[in-house]
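Below is the file work.cif, which contains mmCIF, C-alpha atoms.
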```cif
data_my_file
#
loop_
_atom_site.label_atom_id
_atom_site.label_comp_id
_atom_site.auth_asym_id
_atom_site.auth_seq_id
_atom_site.Cartn_x
_atom_site.Cartn_y
_atom_site.Cartn_z
CA MET J 1 -62.26 -13.45 19.76
CA SER J 2 -61.06 -9.97 18.75
CA LEU J 3 -59.60 -8.72 15.48
CA SER J 4 -58.76 -5.28 16.88
CA TRP J 5 -55.32 -4.22 18.07
CA GLN J 6 -54.45 -5.05 21.69
CA GLN J 7 -51.57 -3.63 23.69
CA ARG J 8 -49.30 -5.58 26.03
CA SER J 9 -46.45 -4.44 28.24
CA VAL J 10 -45.16 -8.01 28.42
CA LEU J 11 -45.94 -10.85 26.04
CA SER J 12 -47.05 -14.08 27.68
CA PRO J 13 -44.85 -17.11 26.90
CA ASP J 14 -47.44 -18.38 24.41
CA GLU J 15 -47.78 -14.96 22.77
CA ARG J 16 -44.00 -14.60 22.52
CA LEU J 17 -43.68 -17.94 20.73
CA ALA J 18 -46.66 -17.16 18.49
CA VAL J 19 -45.15 -13.80 17.48
CA LEU J 20 -41.77 -15.41 16.74
CA ASP J 21 -43.47 -18.09 14.66
CA PHE J 22 -45.37 -15.37 12.79
CA MET J 23 -42.09 -13.50 12.14
CA ASN J 24 -40.31 -16.64 10.94
CA ARG J 25 -43.09 -17.64 8.56
CA LEU J 26 -43.29 -14.15 7.11
CA GLU J 27 -39.51 -13.97 6.68
CA THR J 28 -39.59 -17.23 4.75
CA ARG J 29 -42.28 -15.83 2.46
CA LEU J 30 -40.62 -12.41 2.02
CA GLY J 31 -37.08 -13.72 1.69
CA ARG J 32 -35.84 -10.99 4.06
CA GLU J 33 -35.97 -9.89 7.67
CA ALA J 34 -39.52 -9.26 8.86
CA ILE J 35 -38.67 -6.60 11.45
CA ASP J 36 -35.72 -4.59 12.71
CA GLU J 37 -33.17 -6.67 14.60
CA ALA J 38 -33.44 -4.69 17.83
CA ARG J 39 -37.22 -5.16 17.88
CA ARG J 40 -36.89 -8.88 17.16
CA ARG J 41 -34.46 -9.16 20.09
CA THR J 42 -37.08 -7.61 22.38
CA VAL J 43 -39.44 -10.45 21.49
CA VAL J 44 -36.77 -13.18 21.57
CA HIS J 45 -35.67 -12.21 25.07
CA GLY J 46 -39.16 -11.52 26.41
CA TRP J 47 -38.38 -7.92 27.33
CA ARG J 48 -40.97 -5.35 28.37
CA GLY J 49 -42.14 -2.92 25.75
CA GLU J 50 -45.15 -1.43 24.02
CA HIS J 51 -46.22 -4.58 22.18
CA TRP J 52 -49.24 -4.43 19.87
CA LEU J 53 -51.06 -7.56 18.70
CA ARG J 54 -53.95 -8.21 16.36
CA LEU J 55 -55.35 -11.63 17.14
CA ASP J 56 -57.87 -14.11 15.81
CA GLY J 57 -58.37 -16.18 18.92
CA GLU J 58 -54.80 -17.25 19.76
CA HIS J 59 -53.62 -16.85 16.17
CA VAL J 60 -51.40 -13.79 15.51
CA LEU J 61 -52.60 -11.79 12.52
CA ASP J 62 -50.28 -8.79 13.01
CA TYR J 63 -47.65 -7.61 15.45
CA ALA J 64 -45.97 -4.24 15.99
CA LEU J 65 -43.52 -2.87 18.55
CA VAL J 66 -43.29 0.75 19.67
CA THR J 67 -40.15 2.25 21.17
CA GLY J 68 -39.78 5.72 22.65
CA GLU J 69 -42.47 7.82 24.27
CA GLN J 70 -42.95 11.40 23.04
CA GLU J 71 -41.58 10.53 19.59
CA ALA J 72 -42.70 6.94 19.42
CA SER J 73 -41.10 4.78 16.73
CA VAL J 74 -43.15 1.85 15.44
CA GLU J 75 -42.66 -1.00 13.00
CA MET J 76 -45.09 -3.73 12.02
CA VAL J 77 -43.85 -7.20 11.15
CA GLY J 78 -43.37 -7.14 7.39
CA GLY J 79 -42.86 -3.38 7.30
CA GLY J 80 -46.45 -2.50 6.43
CA PHE J 81 -48.86 0.19 7.57
CA ASP J 82 -52.19 0.06 9.41
CA ALA J 83 -54.37 3.13 9.85
CA ALA J 84 -56.27 1.66 12.79
CA LEU J 85 -53.07 1.09 14.74
CA LEU J 86 -51.85 4.60 13.89
CA SER J 87 -55.08 6.03 15.35
CA GLU J 88 -54.54 4.05 18.56
CA LEU J 89 -50.93 5.23 18.85
CA LEU J 90 -51.77 8.89 18.25
CA ARG J 91 -54.10 8.72 21.25
CA ARG J 92 -51.11 7.81 23.40
CA HIS J 93 -48.20 9.64 21.76
CA ALA J 94 -47.80 13.21 20.51
CA THR J 95 -45.63 12.02 17.63
CA VAL J 96 -45.44 8.65 15.87
CA ASP J 97 -42.58 7.73 13.54
CA TRP J 98 -43.55 4.78 11.35
CA TRP J 99 -41.04 2.58 9.51
CA THR J 100 -42.16 1.17 6.17
CA ARG J 101 -39.82 -1.44 4.66
CA GLY J 102 -39.50 -1.55 0.90
CA ALA J 103 -43.05 -0.32 0.37
CA GLY J 104 -42.25 2.33 -2.22
CA SER J 105 -42.57 6.03 -1.50
CA PRO J 106 -45.35 6.32 1.09
CA ASP J 107 -47.90 9.09 0.76
CA PHE J 108 -50.04 8.89 3.88
CA ASP J 109 -52.40 11.70 4.82
CA GLY J 110 -50.83 13.81 7.55
CA GLY J 111 -47.45 12.07 7.37
CA GLU J 112 -44.08 13.34 6.20
CA VAL J 113 -41.02 11.29 5.26
CA ILE J 114 -38.23 12.30 7.63
CA ARG J 115 -35.66 9.63 6.81
CA LEU J 116 -34.79 7.29 3.96
CA LEU J 117 -32.64 4.21 4.59
CA GLN J 118 -31.16 2.26 1.68
CA LEU J 119 -30.31 -1.44 1.68
CA LEU J 120 -27.33 -2.08 -0.61
CA ARG J 121 -25.98 -5.44 -1.81
CA VAL J 122 -22.70 -6.52 -3.40
CA GLU J 123 -21.31 -9.76 -4.80
CA LEU J 124 -18.03 -10.99 -3.35
CA PRO J 125 -15.11 -10.82 -3.74
CA VAL J 126 -14.28 -7.12 -4.06
CA PRO J 127 -10.77 -5.63 -4.37
CA VAL J 128 -9.26 -5.35 -0.89
CA GLN J 129 -7.63 -2.09 0.18
CA PRO J 130 -4.45 -2.89 2.13
CA VAL J 131 -3.88 -1.66 5.65
CA PRO J 132 -1.78 1.54 5.48
CA PRO J 133 1.77 1.61 6.84
CA GLY J 134 1.91 2.19 10.58
CA ALA J 135 -1.62 0.91 11.15
CA HIS J 136 -2.52 -2.41 12.80
CA LEU J 137 -5.62 -4.48 11.95
CA ARG J 138 -6.83 -6.85 14.67
CA GLN J 139 -9.90 -8.54 16.14
CA PHE J 140 -12.13 -7.03 18.80
CA GLU J 141 -11.50 -8.28 22.34
CA PRO J 142 -14.52 -7.58 24.59
CA THR J 143 -12.61 -7.22 27.87
CA ARG J 144 -10.00 -4.96 26.31
CA ASP J 145 -11.81 -2.94 23.66
CA ALA J 146 -15.39 -2.33 24.81
CA ASP J 147 -14.91 1.19 26.18
CA SER J 148 -12.61 2.38 23.40
CA TRP J 149 -14.88 1.01 20.69
CA LEU J 150 -17.94 2.68 22.21
CA ALA J 151 -16.09 6.01 22.32
CA GLN J 152 -14.84 5.65 18.73
CA ASN J 153 -18.16 4.51 17.27
CA ASN J 154 -20.32 7.03 19.14
CA ALA J 155 -17.99 9.86 18.13
CA ALA J 156 -18.25 8.79 14.48
CA PHE J 157 -22.06 8.72 14.69
CA ALA J 158 -22.59 11.66 17.03
CA ASP J 159 -25.54 12.93 14.94
CA HIS J 160 -26.99 9.52 14.09
CA PRO J 161 -30.32 8.59 15.77
CA GLU J 162 -29.36 4.95 16.48
CA GLN J 163 -25.68 4.28 15.92
CA GLY J 164 -24.42 7.20 17.98
CA ALA J 165 -26.05 6.13 21.25
CA TRP J 166 -24.57 2.69 21.93
CA THR J 167 -24.12 1.76 25.58
CA LEU J 168 -22.01 -0.94 27.19
CA ARG J 169 -25.16 -3.00 27.66
CA ASP J 170 -26.03 -2.67 23.95
CA LEU J 171 -22.57 -3.92 23.03
CA THR J 172 -22.47 -6.69 25.62
CA ASP J 173 -25.92 -7.99 24.70
CA ARG J 174 -24.91 -8.36 21.07
CA THR J 175 -21.62 -10.06 21.83
CA LEU J 176 -23.65 -12.67 23.72
CA GLU J 177 -25.91 -13.39 20.74
CA PRO J 178 -25.44 -16.80 19.06
CA TRP J 179 -24.42 -15.12 15.78
CA PHE J 180 -21.56 -13.10 17.29
CA ASP J 181 -18.13 -14.03 15.94
CA PRO J 182 -15.15 -11.94 17.10
CA SER J 183 -13.23 -12.85 13.94
CA GLY J 184 -15.71 -10.70 12.05
CA PHE J 185 -15.26 -7.65 14.29
CA LEU J 186 -12.19 -5.79 13.00
CA LEU J 187 -10.44 -2.85 14.66
CA LEU J 188 -7.79 -0.58 13.16
CA ASP J 189 -5.21 1.02 15.44
CA VAL J 190 -3.21 3.99 14.18
CA ASP J 191 -0.31 5.09 16.40
CA GLY J 192 -1.83 3.09 19.25
CA VAL J 193 -5.23 4.77 18.95
CA LEU J 194 -8.43 3.05 17.80
CA ALA J 195 -9.15 4.86 14.54
CA ALA J 196 -11.76 2.74 12.75
CA SER J 197 -13.77 -0.46 12.98
CA CYS J 198 -15.85 -2.82 10.87
CA TRP J 199 -18.20 -5.33 12.47
CA THR J 200 -19.57 -8.01 10.18
CA LYS J 201 -22.28 -10.60 10.61
CA VAL J 202 -23.14 -13.82 8.78
CA HIS J 203 -26.85 -14.62 8.47
CA GLU J 204 -26.29 -18.35 8.96
CA LEU J 205 -29.97 -19.32 9.14
CA HIS J 206 -31.03 -17.50 5.99
CA PRO J 207 -31.46 -19.79 2.95
CA ASP J 208 -28.91 -17.68 1.01
CA ARG J 209 -26.42 -17.43 3.94
CA PHE J 210 -25.40 -13.86 3.19
CA GLY J 211 -23.12 -11.47 5.06
CA GLU J 212 -23.71 -8.01 6.44
CA ILE J 213 -21.59 -5.00 7.28
CA TYR J 214 -23.25 -4.63 10.66
CA VAL J 215 -21.48 -1.50 11.94
CA ILE J 216 -18.68 0.43 10.27
CA SER J 217 -17.21 3.69 11.51
CA VAL J 218 -14.14 5.93 11.40
CA ASP J 219 -13.26 8.22 14.27
CA PRO J 220 -13.70 11.89 13.23
CA ALA J 221 -10.02 12.57 14.02
CA PHE J 222 -9.00 10.03 11.36
CA GLN J 223 -11.54 10.77 8.63
CA GLY J 224 -10.31 11.82 5.21
CA ARG J 225 -7.51 9.22 5.11
CA GLY J 226 -9.30 6.53 3.13
CA LEU J 227 -9.81 4.33 6.18
CA GLY J 228 -13.48 3.75 5.35
CA ARG J 229 -12.46 1.92 2.15
CA VAL J 230 -9.84 -0.03 4.06
CA MET J 231 -12.31 -1.20 6.69
CA VAL J 232 -15.25 -2.04 4.45
CA THR J 233 -13.10 -4.04 2.03
CA GLN J 234 -11.28 -5.82 4.85
CA GLY J 235 -14.64 -6.65 6.41
CA LEU J 236 -16.00 -7.95 3.10
CA ASP J 237 -12.87 -10.07 2.69
CA THR J 238 -13.50 -11.56 6.13
CA LEU J 239 -16.99 -12.55 4.96
CA ARG J 240 -15.61 -13.99 1.70
CA ARG J 241 -13.17 -16.18 3.63
CA LYS J 242 -16.14 -17.60 5.53
CA GLY J 243 -17.68 -18.79 2.26
CA VAL J 244 -20.12 -15.90 1.83
CA SER J 245 -20.82 -14.81 -1.75
CA GLU J 246 -23.04 -11.75 -1.15
CA ALA J 247 -23.11 -9.03 1.48
CA VAL J 248 -25.46 -6.19 2.40
CA LEU J 249 -25.40 -3.00 4.41
CA PHE J 250 -27.74 -0.16 5.32
CA VAL J 251 -26.89 3.48 4.64
CA ASP J 252 -28.80 6.71 5.10
CA ASP J 253 -29.77 8.26 1.78
CA SER J 254 -28.36 11.57 3.02
CA ASN J 255 -24.86 10.09 3.52
CA GLU J 256 -23.49 10.98 0.10
CA SER J 257 -19.84 10.19 0.87
CA ALA J 258 -20.66 6.70 2.12
CA LYS J 259 -22.95 6.00 -0.86
CA LYS J 260 -20.18 7.09 -3.24
CA LEU J 261 -17.73 4.73 -1.53
CA TYR J 262 -20.13 1.79 -1.62
CA GLY J 263 -21.05 2.46 -5.24
CA SER J 264 -17.37 2.40 -6.23
CA LEU J 265 -17.13 -1.08 -4.69
CA GLY J 266 -20.05 -2.42 -6.70
CA PHE J 267 -22.88 -2.13 -4.17
CA THR J 268 -26.30 -1.76 -5.78
CA LEU J 269 -29.64 -0.63 -4.35
CA GLN J 270 -31.94 -3.45 -3.22
CA ARG J 271 -34.56 -1.68 -1.14
CA GLU J 272 -35.55 1.69 0.34
CA ASP J 273 -37.09 2.02 3.80
CA HIS J 274 -39.00 5.18 4.72
CA LEU J 275 -39.56 6.68 8.15
CA VAL J 276 -42.84 8.63 8.13
CA ARG J 277 -43.75 11.04 10.94
CA PHE J 278 -47.29 11.65 12.11
CA TYR J 279 -48.55 14.17 14.67
CA ALA J 280 -51.50 13.83 17.03
#
```

Whole structure, structure tokens version:
Amino acid sequence: MSLSWQQRSVLSPDERLAVLDFMNRLETRLGREAIDEARRRTVVHGWRGEHWLRLDGEHVLDYALVTGEQEASVEMVGGGFDAALLSELLRRHATVDWWTRGAGSPDFDGGEVIRLLQLLRVELPVPVQPVPPGAHLRQFEPTRDADSWLAQNNAAFADHPEQGAWTLRDLTDRTLEPWFDPSGFLLLDVDGVLAASCWTKVHELHPDRFGEIYVISVDPAFQGRGLGRVMVTQGLDTLRRKGVSEAVLFVDDSNESAKKLYGSLGFTLQREDHLVRFYA
């Protein structure tokens, strides 16, 4: 029996199920997601990674997943912090970026906050901005729109650490997830060009069955025309028509224009997530 952290490149089938059970139980207690969706998917699908476990026999006490190498990004289930795990990681990585979820403003020795992500929530319905003349709103079609959506979204998020680096595999993997619904993935064509998009998601298994603006973006060539308001309100209306009464989204604290838009629609702050950087 060991209560120290142990690293795995691949979780065994029993460990994978134990970690998922640990996540699910913690999510029930917290009333929110226990870990970032991309990290959860790594466990669900049994993918290789830098998995860290703290065990009591076969019982999972803690789990964390590290992505990246030189600038390793880590998150523990529940969004907490553990100094012993940080020490282990700094022996292997020159830089460690640690996500804390809703834990208040962290003040860890040797760490600096390099990013602040806000979770916003709104009650539905909200006033819907109509599609402008000459534009066409339609649903995403994977075989037709994959390449054009990747180009549009990645251009919109060229300086974003996650959203601006989508690949065809990233997109395809998510369209194969059980939650994917093409009716919630809206595209806006202007003069035959894909100008903006809003991808929504319904959290069907959550007790509150809420909606999420999963990805929203406007091509840089079409920014400044009010298309962000069009797409977010059209996306929220799609969620409302599915019987959803509340929706959430994440936004970087530094994105003042987006925060102003969301505030004007009635979104309020629910949580702040900090990314803290540590150096070896």

Using all atoms listed in the file: which of J:Leu85, J:Leu55, J:Leu61, J:Leu194 has the shortest distance to Ala151 in chain J: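 That would be J:Leu194, the residue with the smallest distance to Ala151 in chain J.
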
Give me the result of the PyMOL selection byres ((chain J and resi 78) around 10) on this file, residue by residue, as number ranges by chain. J: 23, 26-27, 30, 32-36, 62-64, 75-77, 79-81, 100-103

From the list J:Asp82, J:Asp14, J:Glu177, J:Asp145, which residue is nearest Val193 in chain J when using only C-alpha atoms? J:Asp145

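If you measure from each of J:Val60, J:Leu188, J:Ala83, J:Met231 to Ile213 in chain J using all atoms listed in the file, the closest one turns out to be J:Met231.
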
Would you work out the distance separating CA of Thr95 in chain J from CA of Arg16 in chain J, expressed in Å to one decimal?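 Between CA of Thr95 in chain J and CA of Arg16 in chain J the gap is 27.1 Å.
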
As JSON, numbers by chain, please: the residues near Glu71 in chain J (cut-off 10 Å, all atoms listed in the file, same-chain neighbours under 4 positions excluded). {"J": [66, 67, 93, 94, 95, 96, 97, 277, 278, 279]}

I'd like the neighbourhood of Trp149 in chain J as a PDB file with C-alpha atoms, in the frame of the given file, where a residue qualifies if any of its atoms comes within 12 Å (using all atoms listed in the file), though same-chain residues fewer than 5 positions away should be ignored.
```pdb
ATOM      1  CA  GLN J 139      -9.900  -8.540  16.140  1.00  0.00           C
ATOM      2  CA  PHE J 140     -12.130  -7.030  18.800  1.00  0.00           C
ATOM      3  CA  GLU J 141     -11.500  -8.280  22.340  1.00  0.00           C
ATOM      4  CA  PRO J 142     -14.520  -7.580  24.590  1.00  0.00           C
ATOM      5  CA  THR J 143     -12.610  -7.220  27.870  1.00  0.00           C
ATOM      6  CA  ARG J 144     -10.000  -4.960  26.310  1.00  0.00           C
ATOM      7  CA  ASN J 154     -20.320   7.030  19.140  1.00  0.00           C
ATOM      8  CA  ALA J 155     -17.990   9.860  18.130  1.00  0.00           C
ATOM      9  CA  ALA J 156     -18.250   8.790  14.480  1.00  0.00           C
ATOM     10  CA  GLY J 164     -24.420   7.200  17.980  1.00  0.00           C
ATOM     11  CA  TRP J 166     -24.570   2.690  21.930  1.00  0.00           C
ATOM     12  CA  THR J 167     -24.120   1.760  25.580  1.00  0.00           C
ATOM     13  CA  LEU J 168     -22.010  -0.940  27.190  1.00  0.00           C
ATOM     14  CA  LEU J 171     -22.570  -3.920  23.030  1.00  0.00           C
ATOM     15  CA  THR J 172     -22.470  -6.690  25.620  1.00  0.00           C
ATOM     16  CA  PHE J 185     -15.260  -7.650  14.290  1.00  0.00           C
ATOM     17  CA  LEU J 186     -12.190  -5.790  13.000  1.00  0.00           C
ATOM     18  CA  LEU J 187     -10.440  -2.850  14.660  1.00  0.00           C
ATOM     19  CA  LEU J 188      -7.790  -0.580  13.160  1.00  0.00           C
ATOM     20  CA  ASP J 189      -5.210   1.020  15.440  1.00  0.00           C
ATOM     21  CA  VAL J 193      -5.230   4.770  18.950  1.00  0.00           C
ATOM     22  CA  LEU J 194      -8.430   3.050  17.800  1.00  0.00           C
ATOM     23  CA  ALA J 195      -9.150   4.860  14.540  1.00  0.00           C
ATOM     24  CA  ALA J 196     -11.760   2.740  12.750  1.00  0.00           C
ATOM     25  CA  SER J 197     -13.770  -0.460  12.980  1.00  0.00           C
ATOM     26  CA  CYS J 198     -15.850  -2.820  10.870  1.00  0.00           C
ATOM     27  CA  TRP J 199     -18.200  -5.330  12.470  1.00  0.00           C
ATOM     28  CA  VAL J 215     -21.480  -1.500  11.940  1.00  0.00           C
ATOM     29  CA  ILE J 216     -18.680   0.430  10.270  1.00  0.00           C
ATOM     30  CA  SER J 217     -17.210   3.690  11.510  1.00  0.00           C
ATOM     31  CA  VAL J 218     -14.140   5.930  11.400  1.00  0.00           C
ATOM     32  CA  ASP J 219     -13.260   8.220  14.270  1.00  0.00           C
TER      33      ASP J 219
END
```

Would you kindly translate the PyMOL selection byres ((chain J and resi 127) around 9) into the concrete residues it picks from this file, as a short mmCIF file (atom, residue, chain, number, x, y, z; two decimals) with C-alpha atoms, in the frame of the given file?
```cif
data_model
loop_
_atom_site.label_atom_id
_atom_site.label_comp_id
_atom_site.auth_asym_id
_atom_site.auth_seq_id
_atom_site.Cartn_x
_atom_site.Cartn_y
_atom_site.Cartn_z
CA PRO J 125 -15.11 -10.82 -3.74
CA VAL J 126 -14.28 -7.12 -4.06
CA VAL J 128 -9.26 -5.35 -0.89
CA GLN J 129 -7.63 -2.09 0.18
CA THR J 233 -13.10 -4.04 2.03
CA ASP J 237 -12.87 -10.07 2.69
CA LEU J 265 -17.13 -1.08 -4.69
#
```

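Residue nearest Phe222 in chain J within the list J:Ser183, J:Gln152, J:Thr42, J:Gln6: J:Gln152 [criterion: smallest interatomic distance, only C-alpha atoms].
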
Computed interatomic separation between CA of Arg54 in chain J and CA of Arg41 in chain J (Å):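 Calculated distance between CA of Arg54 in chain J and CA of Arg41 in chain J is 19.9 Å.
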
For the structure provided, state which residues fall under the PyMOL selection byres ((chain J and resi 244) around 7), and present them as a list in words.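 Residues picked by the PyMOL selection byres ((chain J and resi 244) around 7): Arg209, Phe210, Gly211, Leu239, Arg240, Lys242, Gly243, Ser245 and Glu246 of chain J.
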
Atomic distance CA of Ala165 in chain J - CA of Val202 in chain J, expressed in Å with one decimal: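 So the two atoms, CA of Ala165 in chain J and CA of Val202 in chain J, lie 23.7 Å apart.
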
Write out as a PyMOL selection string which residues come within 12 Å of Glu58 in chain J when counting all atoms listed in the file, dropping same-chain ones fewer than 4 positions away. chain J and resi 1-3+12+14-19+22+53-54+62

Store the residues picked out above in a file with C-alpha atoms, as a CSV table (one decimal), in the coordinates of the input.
```
chain,number,residue,atom,x,y,z
J,1,MET,CA,-62.3,-13.4,19.8
J,2,SER,CA,-61.1,-10.0,18.8
J,3,LEU,CA,-59.6,-8.7,15.5
J,12,SER,CA,-47.0,-14.1,27.7
J,14,ASP,CA,-47.4,-18.4,24.4
J,15,GLU,CA,-47.8,-15.0,22.8
J,16,ARG,CA,-44.0,-14.6,22.5
J,17,LEU,CA,-43.7,-17.9,20.7
J,18,ALA,CA,-46.7,-17.2,18.5
J,19,VAL,CA,-45.2,-13.8,17.5
J,22,PHE,CA,-45.4,-15.4,12.8
J,53,LEU,CA,-51.1,-7.6,18.7
J,54,ARG,CA,-54.0,-8.2,16.4
J,62,ASP,CA,-50.3,-8.8,13.0
```

Here is a test: counting all atoms listed in the file, which residue of J:Asp181, J:Leu249, J:Asp170, J:Trp5 is nearest to Ala84 in chain J?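 Looking only at the distances to Ala84 in chain J, the closest residue turns out to be J:Trp5.
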
Which of J:His206, J:Gly134, J:Glu37, J:Ala280 sits closest to Leu86 in chain J [using only C-alpha atoms]: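 Smallest separation from Leu86 in chain J among the options: J:Ala280.
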
Using all atoms listed in the file, determine which residues lie at most 12 Å from Asn255 in chain J, disregarding the query and same-chain residues fewer than 4 positions distant; provide the list as a PyMOL selection string. chain J and resi 115-118+157+159-160+250-251+259-262
